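Encoded as structure tokens, the structure appears first; notes follow it.
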Amino acid sequence: MEISSDTFLDNASAALRDTDKAKRRDFIAIATPQIRKAAIDEFEGFDALRKHVKRIRQHSLNNLAHYLEKFEQEAVQNGNRVHFARDGAQLNDIVLDICQQHGAKKVIKGKSMITEETGLNDFLKRGNLDVVETDLGEYIIQLAGEAPSHIVGPALHKSADEIGELFLKNHKLGDREFQETENLVDEARGVLREHFLKGDVGIIGSNALIAENGYSMLVTNEGNGDLCANLPDVLVICTSIDRVLPRAEDATAMLRLLVRSATGQPQTCYTSFYSGPRRDTDIDGPVETHFVLLDNRRSDILTSDYREMLECIRCGACLNHCPIYASVGGHAYGSVYQGPMGSVLTPLLTSLEESSALPNACTTCGRCAEVCPADIPLPDLLRNLRQEENDKKLTSSRWRSGLKLHSWLARHPRLYQWVTGIVIPAMHIIGGSRGRLSRLPMASGWTSQRDFPAPESRTFMQQYKARLRKNHEQ
Amino acid sequence: MSNSSRAELLDKLRDTASGQSAGRIELERNAMGSGNAPFVSANNLSLTYLQNVLANRGSITCVANRNEAVQAVGNYLYGHFRSHRLVAGNDPRLAAMPWRDAGVLPRFGSLEEGEPAALSYAKLGIVETGAVVTYTGKGNPCANHLLPEHHLVLVDVNDLVLNLEQAWEKINGDLGKDGRPRGINMIAGPSSTADIEGQVVYGAHGPRRWHVILLGEVPEETRELAKNNAPTD
């Protein structure tokens, strides 16, 4: 997985200066939480269902070998070929090999975060294949040569005007104007329809693999994934090993959480379950189907303190509620996974050395954990990664010394109270009537951008003790 | 190449697994039961179902019998296309309908270029989400629900189920009896996208309109709802 997360701070600074894109980030941060809340308020049992699905996910992960083998057995019985890929490179090789065996020229793709993770598109293009993303958002960023900025709405950072310019440049359809968003969607519909009808191989992702019957669940609103799954002669479903669930009803229980959290609907326009190739009774559909199941360090995550991250259902709610994501947008993260879930997952799938900025891109406000339908304690996981960063000495020695000093002081409460009893009133006095400090030793990172609010005149413990004394006297 | 990865991965996972037998794992899963479903009143399923279809931006018609059903299809087609061109899957229930009475002569098969409308006969209607369920096969070629401009679906009122759990009970029954279809499709609205500035637009790739015709005896209240929400051209 290729990332550029080491430049997070520079990317974030650039994003903060881009006021045009900030408007669209505001849409994500303001509208999508409201849409989600309305859907969840209507469903009184949401929290209870969240706990139920968490139990199911934990049970599945505790018995992952059993359920993967069961799924494989059922999928093979359904007529599929099942491949396991150790890492992204192996997944790419397997998919290219399938395409070449069929002499494929054009590959049409539904939205798949796994193939974003492995960089499949570029790999197939190097193998002389024409690869067309068909989810509208993915198609737009493919034309723009960009990475997704959001795991659910990959092109939400782009304005309609920018998309219009992209279409004018890439679709040779003469002079025209795009008055409405509908005009843009219509044009993409027409162009992509041609690609759908000419695709030799379809590649899609999977929202869940069902062990009991070997079906794969696909959740979309556009229906593009279904066209990729049904029109070409060959279908390849690329997903990761952690997607397996015991039963079909488990998949639709998860669906209830996923769709409400992502788009506020009770069910997406298309929820499809695919079992394999065309049957004797079918008059259309693929004649050959493959599953490629990716590990890419997930089996390591399973045995680590971060295993709950494997329960993520990729709804995007944590991104939509994150103040950092809202401020800097998805591209700043330099990873196909952004926001809180991306800040945990990216270091686990790559290395903390390459992406240590991400766990620090968090205010620990806790909104992500509150809204996560998979009940993942994201702030705790981010804090643990920071701890690891410190233990591996990836932070500056000055920072580590500061933390060490603070930790030592915190373990000596009397001394801590004595020191803060001097420092806090002093800061209050320096803050004066403005109530703010424009300079602070060892905190220039803060004060170079904004003033530091001066604290109250006394520490909490000083005030607490004074109150106790007063109550005692009364 | 992937064979060695398979063995390597499964060995690794077995080492970290609970180590329980398949029977114990099954028992553990059974003990977890089903999750919460949103409350759906069983008082008037047909009314709630059609309300949810409307919420999914579908349009609705209510008909009492097969004669009314073909008339409704004919009216819909003429209202939108000034023609009666229609494609339908090779579903014996559709083949047995009195099409001539409505002047509609469907072509039975898979949708071809230039054909604007297709009709499916749903296996089930899910009240909880306002969805229909179809299985791919001769009776429902996938082109018929993915490629037309307008997708029409007949839903028998006796095939309405309360929620997704009840839908799976029925589907699992069919799978046990008839084998596994290639695709099980739950459809809950016309194709849509919000990928451009978050604005919802219908007809992203598939049908721009989705029309549900509920067939059978329903309470007056349901008929009123359908009458008050008759599809517009």
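Residues in the structure tokens are numbered from 1 in each chain, the chains being A, B, ... in the order shown, and ligands are numbered from 1 in the order shown.
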Using only C-alpha atoms, I'd like every residue of chain B that has an atom within 6 Å of chain A; please write them out as a list in words.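 Here they are: Ser2, Ser5, Arg6, Leu10, Leu13, Arg14, Ala17, Ser18, Gly35, Asn36, Pro38, Thr129, Gly137, Lys138, Arg182, Gly183, Ile184, Asn185, Met186, Ile187, Ala188, Gly189, Ser191, Ser192, Thr193, Asp195, Glu197, Ala204 and His205 of chain B.
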Mind checking which residues fall within 10 Å of region 448-454 of chain A, counting only C-alpha atoms, ignoring those fewer than 4 positions away in the same chain, and posting them as number ranges by chain? A: 424-440, 443-444
Please produce a file of those selected residues containing N, CA, C and O atoms, as an mmCIF file, in the first residue's frame.
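Result file selection.cif:
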```cif
data_model
loop_
_atom_site.group_PDB
_atom_site.id
_atom_site.type_symbol
_atom_site.label_atom_id
_atom_site.label_comp_id
_atom_site.auth_asym_id
_atom_site.auth_seq_id
_atom_site.Cartn_x
_atom_site.Cartn_y
_atom_site.Cartn_z
ATOM 1 N N ILE A 424 0.440 27.957 37.415
ATOM 2 C CA ILE A 424 -0.897 28.372 36.941
ATOM 3 C C ILE A 424 -1.223 29.820 37.359
ATOM 4 O O ILE A 424 -1.594 30.636 36.493
ATOM 5 N N PRO A 425 -1.081 30.183 38.635
ATOM 6 C CA PRO A 425 -1.345 31.590 38.973
ATOM 7 C C PRO A 425 -0.415 32.543 38.215
ATOM 8 O O PRO A 425 -0.832 33.645 37.826
ATOM 9 N N ALA A 426 0.854 32.093 37.973
ATOM 10 C CA ALA A 426 1.775 32.967 37.233
ATOM 11 C C ALA A 426 1.255 33.205 35.814
ATOM 12 O O ALA A 426 1.277 34.327 35.313
ATOM 13 N N MET A 427 0.780 32.139 35.174
ATOM 14 C CA MET A 427 0.231 32.288 33.817
ATOM 15 C C MET A 427 -0.993 33.202 33.832
ATOM 16 O O MET A 427 -1.211 33.988 32.912
ATOM 17 N N HIS A 428 -1.775 33.084 34.892
ATOM 18 C CA HIS A 428 -2.973 33.927 35.007
ATOM 19 C C HIS A 428 -2.577 35.402 35.077
ATOM 20 O O HIS A 428 -3.169 36.259 34.405
ATOM 21 N N ILE A 429 -1.538 35.667 35.857
ATOM 22 C CA ILE A 429 -1.091 37.063 36.022
ATOM 23 C C ILE A 429 -0.531 37.576 34.688
ATOM 24 O O ILE A 429 -0.863 38.679 34.247
ATOM 25 N N ILE A 430 0.290 36.734 34.012
ATOM 26 C CA ILE A 430 0.885 37.181 32.733
ATOM 27 C C ILE A 430 -0.218 37.414 31.692
ATOM 28 O O ILE A 430 -0.148 38.340 30.888
ATOM 29 N N GLY A 431 -1.248 36.597 31.726
ATOM 30 C CA GLY A 431 -2.361 36.750 30.776
ATOM 31 C C GLY A 431 -3.081 38.079 30.955
ATOM 32 O O GLY A 431 -3.629 38.654 29.999
ATOM 33 N N GLY A 432 -3.024 38.625 32.158
ATOM 34 C CA GLY A 432 -3.593 39.948 32.455
ATOM 35 C C GLY A 432 -5.056 40.053 32.061
ATOM 36 O O GLY A 432 -5.790 39.057 32.030
ATOM 37 N N SER A 433 -5.454 41.301 31.733
ATOM 38 C CA SER A 433 -6.867 41.531 31.422
ATOM 39 C C SER A 433 -7.269 40.897 30.087
ATOM 40 O O SER A 433 -8.439 40.634 29.830
ATOM 41 N N ARG A 434 -6.268 40.631 29.208
ATOM 42 C CA ARG A 434 -6.586 39.996 27.920
ATOM 43 C C ARG A 434 -7.013 38.539 28.129
ATOM 44 O O ARG A 434 -7.744 37.978 27.329
ATOM 45 N N GLY A 435 -6.502 37.950 29.180
ATOM 46 C CA GLY A 435 -6.842 36.545 29.475
ATOM 47 C C GLY A 435 -6.230 35.582 28.476
ATOM 48 O O GLY A 435 -6.678 34.451 28.336
ATOM 49 N N ARG A 436 -5.156 36.052 27.790
ATOM 50 C CA ARG A 436 -4.523 35.189 26.778
ATOM 51 C C ARG A 436 -3.011 35.368 26.826
ATOM 52 O O ARG A 436 -2.508 36.441 27.205
ATOM 53 N N LEU A 437 -2.319 34.334 26.403
ATOM 54 C CA LEU A 437 -0.859 34.409 26.357
ATOM 55 C C LEU A 437 -0.421 34.293 24.906
ATOM 56 O O LEU A 437 -0.828 33.355 24.208
ATOM 57 N N SER A 438 0.391 35.234 24.454
ATOM 58 C CA SER A 438 0.801 35.166 23.046
ATOM 59 C C SER A 438 2.118 34.397 22.875
ATOM 60 O O SER A 438 2.489 34.057 21.767
ATOM 61 N N ARG A 439 2.833 34.153 23.961
ATOM 62 C CA ARG A 439 4.065 33.355 23.878
ATOM 63 C C ARG A 439 4.151 32.427 25.078
ATOM 64 O O ARG A 439 3.756 32.794 26.185
ATOM 65 N N LEU A 440 4.655 31.241 24.843
ATOM 66 C CA LEU A 440 4.818 30.259 25.911
ATOM 67 C C LEU A 440 6.086 29.459 25.649
ATOM 68 O O LEU A 440 6.263 28.966 24.530
ATOM 69 N N ALA A 443 6.108 25.869 23.735
ATOM 70 C CA ALA A 443 4.797 25.646 23.109
ATOM 71 C C ALA A 443 4.615 26.598 21.942
ATOM 72 O O ALA A 443 3.514 27.090 21.675
ATOM 73 N N SER A 444 5.725 26.860 21.231
ATOM 74 C CA SER A 444 5.629 27.818 20.122
ATOM 75 C C SER A 444 4.761 27.256 18.986
ATOM 76 O O SER A 444 4.198 28.008 18.208
#
```
Backbone-only DSSP, strand (DSSP E or B) members of region 285-467 of chain A, as a CSV table (one decimal) with C-alpha atoms, in the first residue's frame:
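Below is the file part05.csv, written as the result:
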```
chain,number,residue,atom,x,y,z
A,288,GLU,CA,-16.6,-17.5,-14.6
A,289,THR,CA,-16.3,-16.0,-11.2
A,290,HIS,CA,-13.4,-15.6,-8.8
A,291,PHE,CA,-12.9,-14.5,-5.2
A,292,VAL,CA,-9.6,-13.0,-4.2
A,293,LEU,CA,-9.3,-12.8,-0.4
A,294,LEU,CA,-6.6,-10.4,0.8
A,436,ARG,CA,-4.5,35.2,26.8
A,437,LEU,CA,-0.9,34.4,26.4
A,452,PHE,CA,-3.1,30.4,24.5
A,453,PRO,CA,-6.0,31.0,26.9
```
Using DSSP on the backbone, list every residue of region 174-214 of chain B that comes out as helix (DSSP H, G or I), and give them as a ChimeraX atom specification. /B:174-178
Do a neighbour search on region 120-123 of chain A at 10 Å with only C-alpha atoms, toss out local chain neighbours closer than 2 positions, and write the hits as a list in words.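 The residues that qualify are Gly88, Ala89, Leu91, Asn92, Asp93, Val95, Leu96, Val107, Lys109, Ile114, Thr115, Glu116, Glu117, Thr118, Lys125, Arg126, Gly127, Asn128, Leu129, Asp130, Val131, Val132, Glu133 and Gln142 of chain A.
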What does the file look like for those residues with C-alpha atoms, as a short mmCIF file (atom, residue, chain, number, x, y, z; two decimals), in the first residue's frame?
```
data_model
loop_
_atom_site.label_atom_id
_atom_site.label_comp_id
_atom_site.auth_asym_id
_atom_site.auth_seq_id
_atom_site.Cartn_x
_atom_site.Cartn_y
_atom_site.Cartn_z
CA GLY A 88 -1.30 -6.42 -2.25
CA ALA A 89 1.30 -7.48 -4.79
CA LEU A 91 -3.64 -9.86 -5.20
CA ASN A 92 -2.58 -7.72 -8.16
CA ASP A 93 -0.74 -10.65 -9.75
CA VAL A 95 -6.14 -10.47 -10.91
CA LEU A 96 -3.81 -9.67 -13.80
CA VAL A 107 -11.77 -4.07 -17.12
CA LYS A 109 -14.60 -1.78 -11.79
CA ILE A 114 -9.24 -3.24 -1.23
CA THR A 115 -8.08 -2.62 -4.79
CA GLU A 116 -7.39 1.01 -3.86
CA GLU A 117 -5.26 -0.40 -1.05
CA THR A 118 -3.29 -2.65 -3.43
CA LYS A 125 -2.69 -0.53 -16.70
CA ARG A 126 0.98 -1.50 -16.75
CA GLY A 127 -0.28 -4.86 -18.03
CA ASN A 128 -1.85 -3.00 -21.00
CA LEU A 129 -5.40 -3.23 -19.74
CA ASP A 130 -7.91 -0.44 -20.04
CA VAL A 131 -9.29 -0.03 -16.51
CA VAL A 132 -12.44 2.02 -16.00
CA GLU A 133 -13.82 2.93 -12.58
CA GLN A 142 -9.78 8.54 -12.02
#
```
